[in-house]
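Student: File follows, query_7.txt with compact mmCIF, C-alpha atoms:
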```txt
# COMPACT_ATOMS: atom_id res chain seq x y z
CA MET B 1420 18.83 16.04 -65.14
CA ILE B 1421 16.39 18.89 -64.49
CA THR B 1422 16.35 20.77 -61.19
CA VAL B 1423 13.17 22.63 -60.21
CA LYS B 1424 12.70 24.94 -57.22
CA ASP B 1425 9.45 23.94 -55.53
CA THR B 1426 7.46 25.79 -52.86
CA VAL B 1427 6.90 22.62 -50.82
CA HIS B 1428 9.86 20.28 -51.38
CA ASP B 1429 12.56 22.91 -52.10
CA HIS B 1430 14.69 21.51 -54.95
CA ILE B 1431 13.28 18.64 -57.03
CA GLU B 1432 15.71 16.75 -59.26
CA ILE B 1433 14.06 15.09 -62.26
CA ASP B 1434 15.96 12.45 -64.17
CA GLY B 1435 15.47 9.59 -66.59
CA VAL B 1436 12.09 8.94 -68.16
CA ALA B 1437 10.41 11.56 -65.95
CA ALA B 1438 12.71 14.30 -67.31
CA ASP B 1439 11.71 13.37 -70.86
CA LEU B 1440 8.01 13.32 -69.95
CA VAL B 1441 7.96 16.81 -68.39
CA ASP B 1442 7.88 18.69 -71.70
CA THR B 1443 5.28 16.49 -73.41
CA PRO B 1444 2.02 18.32 -74.26
CA ALA B 1445 -0.01 16.07 -71.96
CA VAL B 1446 2.07 17.03 -68.91
CA GLN B 1447 2.48 20.70 -69.86
CA ARG B 1448 -1.31 20.98 -70.19
CA LEU B 1449 -1.48 20.47 -66.42
CA ARG B 1450 0.01 23.95 -65.95
CA HIS B 1451 -3.47 25.19 -66.90
CA VAL B 1452 -5.54 22.93 -64.64
CA LYS B 1453 -5.88 24.23 -61.09
CA GLN B 1454 -5.28 21.72 -58.34
CA LEU B 1455 -8.19 22.95 -56.22
CA GLY B 1456 -10.63 24.06 -58.90
CA THR B 1457 -12.76 26.92 -57.58
CA VAL B 1458 -11.24 27.07 -54.08
CA GLN B 1459 -9.40 30.21 -55.23
CA LEU B 1460 -12.73 32.02 -54.78
CA VAL B 1461 -12.34 31.34 -51.05
CA TYR B 1462 -8.54 31.37 -50.71
CA PRO B 1463 -7.13 33.75 -53.36
CA SER B 1464 -3.64 32.24 -53.25
CA ALA B 1465 -4.89 28.73 -54.07
CA ASN B 1466 -3.78 29.01 -57.69
CA HIS B 1467 -1.40 26.05 -57.75
CA THR B 1468 -1.80 23.56 -60.57
CA ARG B 1469 -1.79 19.87 -61.32
CA PHE B 1470 1.61 20.38 -62.97
CA GLU B 1471 3.50 21.35 -59.84
CA HIS B 1472 1.59 18.69 -57.89
CA SER B 1473 2.77 16.09 -60.42
CA LEU B 1474 6.36 17.18 -59.88
CA GLY B 1475 5.83 16.81 -56.13
CA VAL B 1476 4.35 13.33 -56.50
CA TYR B 1477 7.30 12.32 -58.68
CA HIS B 1478 9.71 13.68 -56.06
CA LEU B 1479 8.13 11.76 -53.19
CA ALA B 1480 7.88 8.59 -55.28
CA SER B 1481 11.57 8.87 -56.16
CA ARG B 1482 12.50 9.35 -52.50
CA ALA B 1483 10.41 6.35 -51.51
CA LEU B 1484 11.97 4.18 -54.23
CA ASP B 1485 15.45 5.10 -52.98
CA HIS B 1486 14.45 4.16 -49.44
CA LEU B 1487 12.90 0.89 -50.60
CA ARG B 1488 15.95 0.13 -52.79
CA ILE B 1489 13.78 -0.38 -55.86
CA GLU B 1490 15.79 0.24 -59.02
CA GLY B 1491 15.92 -0.39 -62.75
CA THR B 1492 12.83 -0.85 -64.91
CA ARG B 1493 10.53 -1.28 -61.91
CA ALA B 1494 11.58 2.13 -60.56
CA ASP B 1495 11.24 3.70 -64.01
CA ARG B 1496 7.65 2.47 -64.23
CA ILE B 1497 6.73 3.95 -60.86
CA GLU B 1498 8.42 7.29 -61.61
CA ALA B 1499 6.70 7.52 -65.01
CA ALA B 1500 3.33 6.76 -63.44
CA ALA B 1501 3.94 9.37 -60.73
CA MET B 1502 4.67 12.05 -63.33
CA LEU B 1503 1.68 11.02 -65.45
CA HIS B 1504 -0.88 10.18 -62.77
CA ASP B 1505 -2.97 13.34 -63.35
CA VAL B 1506 -2.82 13.75 -67.14
CA GLY B 1507 -6.36 12.36 -67.42
CA HIS B 1508 -7.89 15.21 -65.41
CA GLY B 1509 -10.35 17.49 -67.17
CA PRO B 1510 -10.81 21.20 -66.48
CA PHE B 1511 -11.14 22.18 -62.83
CA SER B 1512 -9.78 18.76 -61.80
CA HIS B 1513 -12.36 16.46 -60.20
CA ASN B 1514 -15.24 18.89 -60.50
CA LEU B 1515 -16.60 17.82 -63.91
CA GLU B 1516 -15.63 14.18 -63.58
CA SER B 1517 -19.08 12.88 -62.64
CA LEU B 1518 -20.51 14.52 -65.77
CA THR B 1519 -17.85 13.27 -68.18
CA HIS B 1520 -17.98 9.79 -66.65
CA ARG B 1521 -21.73 9.56 -67.26
CA ARG B 1522 -21.16 10.37 -70.91
CA THR B 1523 -17.87 8.61 -71.65
CA GLY B 1524 -17.60 5.88 -69.02
CA LYS B 1525 -14.10 7.12 -68.14
CA TYR B 1526 -12.61 8.52 -64.95
CA HIS B 1527 -9.48 10.66 -64.72
CA ASP B 1528 -7.30 7.62 -64.10
CA ASP B 1529 -8.46 5.90 -67.31
CA VAL B 1530 -5.44 7.05 -69.30
CA ASP B 1531 -4.64 4.07 -71.56
CA GLU B 1532 -5.24 5.97 -74.80
CA LEU B 1533 -3.45 9.11 -73.62
CA LEU B 1534 -0.34 7.19 -72.67
CA ALA B 1535 -0.27 4.96 -75.75
CA THR B 1536 -0.35 7.76 -78.32
CA GLY B 1537 1.50 10.97 -79.11
CA ALA B 1538 4.62 12.26 -77.40
CA VAL B 1539 3.96 10.43 -74.11
CA GLY B 1540 3.75 7.06 -75.86
CA ASP B 1541 6.92 7.83 -77.82
CA VAL B 1542 8.86 8.72 -74.65
CA LEU B 1543 7.70 5.64 -72.78
CA ARG B 1544 8.61 3.31 -75.66
CA ASP B 1545 11.99 5.04 -76.07
CA HIS B 1546 12.68 4.01 -72.46
CA ASP B 1547 11.44 0.45 -73.12
CA LEU B 1548 8.34 0.99 -71.00
CA ASP B 1549 4.93 -0.41 -71.96
CA PRO B 1550 2.33 2.42 -71.96
CA ASP B 1551 -0.44 -0.02 -71.01
CA ARG B 1552 1.51 -1.12 -67.96
CA ILE B 1553 2.11 2.48 -66.87
CA ALA B 1554 -1.60 3.22 -67.33
CA GLY B 1555 -2.36 0.24 -65.12
CA ILE B 1556 -0.15 1.61 -62.35
CA VAL B 1557 -1.94 4.98 -62.61
CA ALA B 1558 -5.21 3.08 -62.14
CA GLY B 1559 -3.80 1.25 -59.11
CA GLU B 1560 -3.11 -2.07 -60.82
CA GLY B 1561 -0.06 -4.27 -60.59
CA PRO B 1562 2.86 -4.74 -58.19
CA TYR B 1563 3.98 -1.64 -56.33
CA ALA B 1564 1.15 0.50 -57.77
CA GLY B 1565 0.08 1.33 -54.20
CA LEU B 1566 2.96 3.78 -54.00
CA VAL B 1567 1.22 6.01 -56.59
CA SER B 1568 -2.40 4.99 -56.18
CA GLY B 1569 -3.25 3.44 -52.82
CA GLU B 1570 -4.21 4.14 -49.23
CA LEU B 1571 -0.75 5.45 -48.32
CA ASP B 1572 0.23 6.86 -51.70
CA VAL B 1573 2.57 9.76 -52.35
CA ASP B 1574 -0.24 11.50 -54.24
CA ARG B 1575 -2.19 12.39 -51.10
CA MET B 1576 1.02 13.13 -49.19
CA ASP B 1577 1.86 15.85 -51.70
CA TYR B 1578 -1.58 17.35 -52.21
CA LEU B 1579 -2.28 17.73 -48.49
CA VAL B 1580 0.89 19.68 -47.76
CA ARG B 1581 0.68 21.61 -51.05
CA ASP B 1582 -2.96 22.58 -50.56
CA ALA B 1583 -2.23 23.66 -46.98
CA TYR B 1584 0.69 25.80 -48.13
CA HIS B 1585 -1.19 27.56 -50.92
CA THR B 1586 -4.40 28.16 -48.98
CA GLY B 1587 -2.55 29.21 -45.83
CA VAL B 1588 -4.56 26.64 -43.86
CA PRO B 1589 -2.17 24.84 -41.47
CA TYR B 1590 -4.18 21.66 -40.93
CA GLY B 1591 -2.74 19.73 -43.90
CA THR B 1592 0.81 19.69 -42.55
CA ILE B 1593 2.22 16.17 -42.39
CA ASP B 1594 5.77 14.82 -42.13
CA THR B 1595 6.31 13.57 -45.69
CA GLU B 1596 9.95 12.75 -44.98
CA ARG B 1597 9.01 10.36 -42.20
CA PHE B 1598 6.29 8.85 -44.36
CA VAL B 1599 8.60 7.88 -47.19
CA ARG B 1600 11.23 6.59 -44.75
CA GLU B 1601 8.78 4.32 -42.97
CA LEU B 1602 7.08 2.76 -46.00
CA THR B 1603 7.78 -0.89 -46.74
CA PHE B 1604 6.34 -3.62 -48.94
CA VAL B 1605 5.13 -7.01 -47.74
CA GLU B 1606 3.87 -9.87 -49.84
CA ARG B 1607 0.08 -9.92 -49.97
CA ASP B 1608 0.05 -13.70 -49.71
CA GLU B 1609 1.27 -13.13 -46.15
CA ILE B 1610 -1.77 -10.97 -45.33
CA ALA B 1611 -5.29 -12.28 -44.85
CA ASP B 1612 -8.16 -10.04 -45.90
CA GLU B 1613 -11.04 -9.48 -43.50
CA GLY B 1614 -12.92 -12.22 -45.32
CA GLY B 1615 -10.02 -14.62 -44.81
CA ALA B 1616 -8.86 -14.75 -48.45
CA ASP B 1617 -5.21 -14.23 -49.28
CA ARG B 1618 -4.04 -11.96 -52.12
CA ASP B 1619 -0.89 -12.19 -54.20
CA GLY B 1620 1.70 -9.49 -54.76
CA PRO B 1621 3.36 -6.85 -52.57
CA GLU B 1622 1.35 -4.36 -50.54
CA LEU B 1623 2.53 -1.05 -49.17
CA VAL B 1624 2.45 -0.77 -45.37
CA LEU B 1625 3.91 1.46 -42.69
CA ASP B 1626 6.70 -0.13 -40.72
CA GLU B 1627 6.61 -0.95 -37.02
CA GLY B 1628 5.70 1.84 -34.62
CA ASN B 1629 4.09 4.19 -37.13
CA VAL B 1630 0.40 4.10 -36.24
CA GLN B 1631 0.60 7.78 -35.32
CA THR B 1632 2.20 8.56 -38.70
CA ALA B 1633 -0.78 7.01 -40.47
CA GLU B 1634 -3.20 8.78 -38.13
CA SER B 1635 -1.62 12.12 -39.01
CA LEU B 1636 -2.66 11.59 -42.63
CA LEU B 1637 -6.26 10.89 -41.59
CA LEU B 1638 -6.35 13.87 -39.26
CA ALA B 1639 -4.90 16.24 -41.86
CA ARG B 1640 -7.50 15.17 -44.41
CA ALA B 1641 -10.35 15.43 -41.89
CA LEU B 1642 -9.31 18.94 -40.85
CA MET B 1643 -8.77 20.19 -44.40
CA ASN B 1644 -12.08 18.82 -45.65
CA PRO B 1645 -14.59 21.33 -44.19
CA VAL B 1646 -12.40 24.43 -44.37
CA VAL B 1647 -10.97 23.84 -47.86
CA TYR B 1648 -12.30 20.95 -49.95
CA THR B 1649 -16.00 21.26 -49.06
CA HIS B 1650 -16.19 24.93 -48.11
CA HIS B 1651 -19.68 26.12 -49.03
CA VAL B 1652 -18.47 28.80 -51.49
CA ALA B 1653 -16.29 26.24 -53.27
CA ARG B 1654 -19.23 23.80 -53.33
CA ILE B 1655 -21.60 26.39 -54.82
CA SER B 1656 -19.17 27.58 -57.50
CA LYS B 1657 -18.29 24.00 -58.46
CA ALA B 1658 -21.97 23.13 -58.78
CA MET B 1659 -22.53 26.16 -61.01
CA LEU B 1660 -19.67 25.10 -63.30
CA ARG B 1661 -21.04 21.54 -63.47
CA ARG B 1662 -24.39 22.95 -64.54
CA ALA B 1663 -22.64 25.12 -67.15
CA ALA B 1664 -20.69 22.11 -68.47
CA SER B 1665 -23.86 20.04 -68.83
CA GLU B 1666 -25.64 22.84 -70.68
CA LEU B 1667 -22.59 23.39 -72.90
CA LEU B 1668 -22.67 19.75 -74.01
CA ASP B 1669 -26.42 19.92 -74.64
CA ALA B 1670 -26.36 23.22 -76.53
CA THR B 1671 -23.26 22.83 -78.71
CA ALA B 1672 -21.40 20.24 -80.76
CA THR B 1673 -18.81 19.89 -77.97
CA THR B 1674 -18.52 16.27 -76.86
CA ALA B 1675 -17.75 14.95 -73.40
CA ALA B 1676 -14.53 13.44 -74.77
CA GLU B 1677 -13.48 16.90 -75.98
CA LEU B 1678 -14.45 18.43 -72.64
CA ARG B 1679 -12.15 15.99 -70.84
CA ARG B 1680 -9.17 17.26 -72.81
CA MET B 1681 -9.86 20.96 -72.21
CA ASP B 1682 -7.91 22.91 -69.62
CA ASP B 1683 -9.47 25.49 -67.30
CA HIS B 1684 -8.99 28.34 -69.79
CA ASP B 1685 -10.52 26.38 -72.68
CA PHE B 1686 -13.57 25.55 -70.61
CA LEU B 1687 -14.15 29.08 -69.33
CA ALA B 1688 -13.82 30.45 -72.86
CA ALA B 1689 -16.32 27.87 -74.14
CA ILE B 1690 -19.01 28.71 -71.59
CA ARG B 1691 -18.50 32.46 -72.15
CA ASP B 1692 -19.10 31.98 -75.88
CA CYS B 1693 -22.18 29.76 -75.48
CA ARG B 1694 -25.52 31.58 -75.19
CA ALA B 1695 -26.98 28.85 -72.98
CA THR B 1696 -24.19 29.21 -70.42
CA ALA B 1697 -23.35 32.91 -70.69
CA GLU B 1698 -25.18 33.90 -67.51
CA LEU B 1699 -23.54 31.18 -65.40
CA SER B 1700 -20.20 32.21 -66.89
CA ARG B 1701 -20.80 35.85 -65.99
CA ARG B 1702 -21.72 34.93 -62.44
CA TYR B 1703 -18.57 32.84 -62.04
CA ASP B 1704 -16.30 35.50 -63.57
CA GLU B 1705 -17.73 38.21 -61.30
CA ARG B 1706 -18.08 35.96 -58.24
CA ASP B 1707 -21.80 36.70 -58.28
CA LEU B 1708 -22.59 33.23 -57.03
CA TYR B 1709 -25.81 31.51 -56.09
CA LYS B 1710 -26.52 31.48 -52.35
CA LEU B 1711 -27.46 28.78 -49.87
CA ALA B 1712 -31.17 28.04 -49.87
CA VAL B 1713 -30.73 24.81 -47.88
CA TRP B 1714 -27.71 23.40 -46.04
CA ALA B 1715 -28.84 20.15 -44.39
CA GLU B 1716 -27.02 17.59 -42.26
CA TYR B 1717 -26.70 13.92 -43.15
CA ASP B 1718 -29.24 12.46 -40.73
CA ASP B 1719 -31.88 15.04 -41.69
CA VAL B 1720 -31.87 13.96 -45.34
CA PRO B 1721 -34.21 11.06 -46.33
CA ASP B 1722 -32.69 7.88 -47.77
CA ARG B 1723 -34.40 8.41 -51.11
CA VAL B 1724 -32.41 11.64 -51.56
CA HIS B 1725 -29.14 10.06 -50.44
CA GLU B 1726 -29.71 7.26 -52.95
CA ALA B 1727 -30.92 9.44 -55.85
CA ASP B 1728 -29.07 9.08 -59.15
CA HIS B 1729 -28.47 11.96 -61.54
CA ALA B 1730 -31.85 11.61 -63.25
CA ALA B 1731 -33.66 11.60 -59.90
CA GLU B 1732 -31.72 14.67 -58.71
CA THR B 1733 -32.64 16.50 -61.92
CA ALA B 1734 -36.31 15.64 -61.40
CA LEU B 1735 -36.14 16.94 -57.82
CA GLU B 1736 -34.60 20.20 -59.04
CA ARG B 1737 -37.51 20.66 -61.46
CA GLU B 1738 -40.02 19.93 -58.73
CA ILE B 1739 -38.40 22.42 -56.32
CA ALA B 1740 -38.30 25.10 -59.03
CA ALA B 1741 -41.95 24.55 -59.89
CA GLU B 1742 -43.07 24.74 -56.28
CA ALA B 1743 -40.95 27.85 -55.64
CA GLY B 1744 -42.22 29.50 -58.82
CA VAL B 1745 -38.74 30.12 -60.23
CA ALA B 1746 -36.98 29.15 -63.45
CA ARG B 1747 -35.58 25.62 -63.55
CA ASP B 1748 -32.04 26.94 -63.97
CA HIS B 1749 -32.36 28.93 -60.73
CA VAL B 1750 -32.24 25.77 -58.61
CA ILE B 1751 -29.19 23.55 -58.09
CA LEU B 1752 -29.42 20.46 -55.88
CA ASP B 1753 -26.02 19.31 -54.63
CA VAL B 1754 -25.99 15.89 -52.95
CA PRO B 1755 -22.41 14.84 -52.07
CA PRO B 1756 -21.35 11.19 -52.22
CA GLU B 1757 -21.57 9.06 -49.11
CA PRO B 1758 -18.74 9.88 -46.65
CA THR B 1759 -15.75 7.59 -47.12
CA MET B 1760 -12.32 7.27 -45.56
CA ARG B 1761 -10.18 5.17 -47.84
CA GLU B 1762 -7.05 5.85 -45.82
CA SER B 1763 -8.53 3.95 -42.87
CA THR B 1764 -7.90 0.65 -44.69
CA ALA B 1765 -4.15 1.36 -44.82
CA ARG B 1766 -2.03 -1.29 -43.16
CA VAL B 1767 0.42 -0.72 -40.34
CA THR B 1768 2.84 -3.01 -38.54
CA VAL B 1769 2.12 -3.53 -34.83
CA ASN B 1770 4.15 -5.97 -32.75
CA GLY B 1771 5.28 -7.72 -35.89
CA GLU B 1772 1.72 -8.16 -37.17
CA ILE B 1773 0.20 -6.38 -40.19
CA ARG B 1774 -3.09 -4.75 -39.19
CA ARG B 1775 -5.62 -2.45 -40.81
CA LEU B 1776 -5.39 1.04 -39.37
CA GLU B 1777 -9.14 1.09 -38.70
CA ARG B 1778 -8.73 -1.91 -36.36
CA GLN B 1779 -5.75 -0.48 -34.56
CA SER B 1780 -6.61 3.19 -34.15
CA PRO B 1781 -9.54 4.49 -32.06
CA LEU B 1782 -9.08 7.80 -33.90
CA VAL B 1783 -10.57 6.29 -37.06
CA SER B 1784 -14.06 5.86 -35.62
CA ALA B 1785 -13.96 9.38 -34.19
CA LEU B 1786 -12.96 10.85 -37.54
CA ARG B 1787 -15.61 8.83 -39.35
CA THR B 1788 -18.22 10.33 -37.06
CA ALA B 1789 -16.77 13.79 -37.61
CA GLN B 1790 -16.80 13.24 -41.36
CA ARG B 1791 -20.47 12.26 -41.27
CA ASN B 1792 -21.22 15.34 -39.15
CA GLN B 1793 -19.45 17.53 -41.71
CA TRP B 1794 -21.53 16.21 -44.63
CA ARG B 1795 -24.03 18.70 -46.05
CA LEU B 1796 -26.73 18.60 -48.69
CA GLY B 1797 -26.94 21.91 -50.50
CA VAL B 1798 -29.65 23.63 -52.49
CA TYR B 1799 -28.49 26.82 -54.21
CA ALA B 1800 -30.37 29.66 -55.89
CA PRO B 1801 -29.87 33.32 -56.87
CA GLU B 1802 -30.12 35.55 -53.82
CA PRO B 1803 -33.61 37.05 -54.39
CA ALA B 1804 -35.09 33.56 -54.57
CA THR B 1805 -33.26 31.76 -51.76
CA ASP B 1806 -36.09 31.96 -49.20
CA ARG B 1807 -38.72 30.65 -51.60
CA VAL B 1808 -36.42 27.96 -52.95
CA GLY B 1809 -35.40 26.95 -49.42
CA ARG B 1810 -39.00 26.48 -48.31
CA ALA B 1811 -39.88 24.58 -51.47
CA ALA B 1812 -36.80 22.36 -51.16
CA ALA B 1813 -37.59 21.51 -47.54
CA ASP B 1814 -41.07 20.46 -48.65
CA VAL B 1815 -40.10 18.53 -51.79
CA LEU B 1816 -37.15 16.76 -50.14
CA ALA B 1817 -39.11 16.11 -46.93
CA LEU B 1818 -36.48 17.81 -44.78
CA ASP B 1819 -37.19 18.59 -41.16
CA PRO B 1820 -37.18 22.43 -40.97
CA ASP B 1821 -35.76 22.20 -37.44
CA GLY B 1822 -32.85 20.15 -38.75
CA LEU B 1823 -31.69 22.65 -41.35
CA VAL B 1824 -28.35 24.31 -40.69
CA THR B 1825 -28.90 28.05 -40.31
CA GLU B 1826 -25.26 28.98 -39.81
CA VAL B 1827 -22.41 27.75 -41.95
CA ARG B 1828 -19.60 26.32 -39.87
CA GLY B 1829 -16.07 26.45 -41.16
CA ALA B 1830 -14.35 23.98 -38.85
CA MET B 1831 -14.86 20.45 -37.59
CA PRO B 1832 -18.17 20.36 -35.69
CA THR B 1833 -17.12 17.31 -33.69
CA THR B 1834 -14.43 17.24 -31.02
CA LEU B 1835 -12.52 14.10 -30.15
CA ASP B 1836 -13.39 14.29 -26.45
CA GLU B 1837 -16.95 13.34 -27.40
CA PHE B 1838 -15.70 9.84 -28.12
CA GLU B 1839 -13.82 9.17 -24.89
```
Please go through the file and, once you have read it, give me the structure as structure tokens.

Tutor:
Amino acid sequence: MITVKDTVHDHIEIDGVAADLVDTPAVQRLRHVKQLGTVQLVYPSANHTRFEHSLGVYHLASRALDHLRIEGTRADRIEAAAMLHDVGHGPFSHNLESLTHRRTGKYHDDVDELLATGAVGDVLRDHDLDPDRIAGIVAGEGPYAGLVSGELDVDRMDYLVRDAYHTGVPYGTIDTERFVRELTFVERDEIADEGGADRDGPELVLDEGNVQTAESLLLARALMNPVVYTHHVARISKAMLRRAASELLDATATTAAELRRMDDHDFLAAIRDCRATAELSRRYDERDLYKLAVWAEYDDVPDRVHEADHAAETALEREIAAEAGVARDHVILDVPPEPTMRESTARVTVNGEIRRLERQSPLVSALRTAQRNQWRLGVYAPEPATDRVGRAAADVLALDPDGLVTEVRGAMPTTLDEFE
């Protein structure tokens, strides 16, 4: 058994297959992948990594398995998946995932090959565990996978409290102990989907009387989103690194598959050494970031921009640059995905009936509205060119100049009393 002192969960005891997985190269690599990517440029203490997060996810999964009285091989599978759930992340976590997915067709939870080969595969087989089955759990497939990858999973429980601790932002605080105590599994064939079809296999739900426990997860995420995850400085720096990664792949022999296996240090060294990306690298290293040229709200952005794919966004960047009279690489268009709230589909027990949280909680609709109000389209450019680029972007994207956000807001712009 290994005992680790953790900032969030105090002492974590690691045993069995998880203890043997800790020192594999795939897991140790996560020591060099920051949990929050570039958020450290906003919150200097946000230097925690995917490694310590993986230990936390394992810890919460183990606690939940004890509570649920799940033992033996089934528990070993879940604990292995919890320890390995992030080994597929590339440098700077989710930030480069859209780029590598376009070029490889793989997301961070596509880990079949990683788990089947090398030291990880050897450890899993030594414990009579099928690597393909563990990879399926990481991807959210199979019985009991919802504990690691689902609407109420231990992954988000750990990252919310861990991110809050390391940024010093108090909004992510949730009662993880109560969460794991109140989780239970029900057979899916007992639950009708909204369309009326039944599904087979167990599904993770919160036990009777825990609507507020589920709501606390939604509220924590909604409060952390604008002040941490989508802070404008973090957004700009992430967009600059995505641009650098794309240019690195185009200018060198580096492949997207190789990029996926880099850690943060590998990637930063690569863009420093590449002539095509040297200036972006310098700006990131010195925190000499691009500035906001446009920061537009959801309803002020035309549908054609919301629906634009990568090729269309690239064409819009070229058009904005041409109209502004600046170099193409001095314009970055950043269109976030459509607002989603996966946690709202979590199931809770109310008066003996299993219900979707979104049907039971009036808070869900309020937070959905708040989430939409927090959404921002960004156009970024070097400081001397921001005015010209902003005017050109408003014209090219057909944005209403009166609808542009002139002051960046760091907290939720919507209050719950608006929905009473």

Student: Quick one: residues within 12 Å of region 1444-1454 of chain B, only C-alpha atoms, excluding same-chain residues fewer than 6 positions away - as a ChimeraX atom specification?

Tutor: /B:1437-1438,1464-1474,1499-1514,1530,1532-1540,1542,1577-1579,1581-1583,1585-1586,1648,1679-1687

Student: Could you dump the residues just selected with C-alpha atoms as a PDB file, keeping the file's coordinate frame?

Tutor:
```pdb
ATOM      1  CA  ALA B1437      10.410  11.560 -65.950  1.00  0.00           C
ATOM      2  CA  ALA B1438      12.710  14.300 -67.310  1.00  0.00           C
ATOM      3  CA  SER B1464      -3.640  32.240 -53.250  1.00  0.00           C
ATOM      4  CA  ALA B1465      -4.890  28.730 -54.070  1.00  0.00           C
ATOM      5  CA  ASN B1466      -3.780  29.010 -57.690  1.00  0.00           C
ATOM      6  CA  HIS B1467      -1.400  26.050 -57.750  1.00  0.00           C
ATOM      7  CA  THR B1468      -1.800  23.560 -60.570  1.00  0.00           C
ATOM      8  CA  ARG B1469      -1.790  19.870 -61.320  1.00  0.00           C
ATOM      9  CA  PHE B1470       1.610  20.380 -62.970  1.00  0.00           C
ATOM     10  CA  GLU B1471       3.500  21.350 -59.840  1.00  0.00           C
ATOM     11  CA  HIS B1472       1.590  18.690 -57.890  1.00  0.00           C
ATOM     12  CA  SER B1473       2.770  16.090 -60.420  1.00  0.00           C
ATOM     13  CA  LEU B1474       6.360  17.180 -59.880  1.00  0.00           C
ATOM     14  CA  ALA B1499       6.700   7.520 -65.010  1.00  0.00           C
ATOM     15  CA  ALA B1500       3.330   6.760 -63.440  1.00  0.00           C
ATOM     16  CA  ALA B1501       3.940   9.370 -60.730  1.00  0.00           C
ATOM     17  CA  MET B1502       4.670  12.050 -63.330  1.00  0.00           C
ATOM     18  CA  LEU B1503       1.680  11.020 -65.450  1.00  0.00           C
ATOM     19  CA  HIS B1504      -0.880  10.180 -62.770  1.00  0.00           C
ATOM     20  CA  ASP B1505      -2.970  13.340 -63.350  1.00  0.00           C
ATOM     21  CA  VAL B1506      -2.820  13.750 -67.140  1.00  0.00           C
ATOM     22  CA  GLY B1507      -6.360  12.360 -67.420  1.00  0.00           C
ATOM     23  CA  HIS B1508      -7.890  15.210 -65.410  1.00  0.00           C
ATOM     24  CA  GLY B1509     -10.350  17.490 -67.170  1.00  0.00           C
ATOM     25  CA  PRO B1510     -10.810  21.200 -66.480  1.00  0.00           C
ATOM     26  CA  PHE B1511     -11.140  22.180 -62.830  1.00  0.00           C
ATOM     27  CA  SER B1512      -9.780  18.760 -61.800  1.00  0.00           C
ATOM     28  CA  HIS B1513     -12.360  16.460 -60.200  1.00  0.00           C
ATOM     29  CA  ASN B1514     -15.240  18.890 -60.500  1.00  0.00           C
ATOM     30  CA  VAL B1530      -5.440   7.050 -69.300  1.00  0.00           C
ATOM     31  CA  GLU B1532      -5.240   5.970 -74.800  1.00  0.00           C
ATOM     32  CA  LEU B1533      -3.450   9.110 -73.620  1.00  0.00           C
ATOM     33  CA  LEU B1534      -0.340   7.190 -72.670  1.00  0.00           C
ATOM     34  CA  ALA B1535      -0.270   4.960 -75.750  1.00  0.00           C
ATOM     35  CA  THR B1536      -0.350   7.760 -78.320  1.00  0.00           C
ATOM     36  CA  GLY B1537       1.500  10.970 -79.110  1.00  0.00           C
ATOM     37  CA  ALA B1538       4.620  12.260 -77.400  1.00  0.00           C
ATOM     38  CA  VAL B1539       3.960  10.430 -74.110  1.00  0.00           C
ATOM     39  CA  GLY B1540       3.750   7.060 -75.860  1.00  0.00           C
ATOM     40  CA  VAL B1542       8.860   8.720 -74.650  1.00  0.00           C
ATOM     41  CA  ASP B1577       1.860  15.850 -51.700  1.00  0.00           C
ATOM     42  CA  TYR B1578      -1.580  17.350 -52.210  1.00  0.00           C
ATOM     43  CA  LEU B1579      -2.280  17.730 -48.490  1.00  0.00           C
ATOM     44  CA  ARG B1581       0.680  21.610 -51.050  1.00  0.00           C
ATOM     45  CA  ASP B1582      -2.960  22.580 -50.560  1.00  0.00           C
ATOM     46  CA  ALA B1583      -2.230  23.660 -46.980  1.00  0.00           C
ATOM     47  CA  HIS B1585      -1.190  27.560 -50.920  1.00  0.00           C
ATOM     48  CA  THR B1586      -4.400  28.160 -48.980  1.00  0.00           C
ATOM     49  CA  TYR B1648     -12.300  20.950 -49.950  1.00  0.00           C
ATOM     50  CA  ARG B1679     -12.150  15.990 -70.840  1.00  0.00           C
ATOM     51  CA  ARG B1680      -9.170  17.260 -72.810  1.00  0.00           C
ATOM     52  CA  MET B1681      -9.860  20.960 -72.210  1.00  0.00           C
ATOM     53  CA  ASP B1682      -7.910  22.910 -69.620  1.00  0.00           C
ATOM     54  CA  ASP B1683      -9.470  25.490 -67.300  1.00  0.00           C
ATOM     55  CA  HIS B1684      -8.990  28.340 -69.790  1.00  0.00           C
ATOM     56  CA  ASP B1685     -10.520  26.380 -72.680  1.00  0.00           C
ATOM     57  CA  PHE B1686     -13.570  25.550 -70.610  1.00  0.00           C
ATOM     58  CA  LEU B1687     -14.150  29.080 -69.330  1.00  0.00           C
TER      59      LEU B1687
END
```

Student: Using only C-alpha atoms, determine which residues lie at most 12 Å from His1650 (chain B), disregarding the query and same-chain residues fewer than 3 positions distant; provide the list as a list of chain:residue names.

Tutor: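 In the requested format, the answer is B:Leu1455, B:Thr1457, B:Val1458, B:Gln1459, B:Leu1460, B:Val1461, B:Tyr1462, B:Leu1642, B:Met1643, B:Asn1644, B:Pro1645, B:Val1646, B:Val1647, B:Ala1653, B:Arg1654, B:Ile1655, B:Ser1656, B:Lys1657, B:Trp1714, B:Gln1793, B:Trp1794, B:Arg1795, B:Gly1797, B:Val1827, B:Arg1828, B:Gly1829, B:Ala1830, B:Met1831.
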
Student: Measure the distance from CA of Thr1805 (chain B) to CA of Leu1823 (chain B) in Å and round it to one decimal.

Tutor: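 A separation of 13.9 Å between them.
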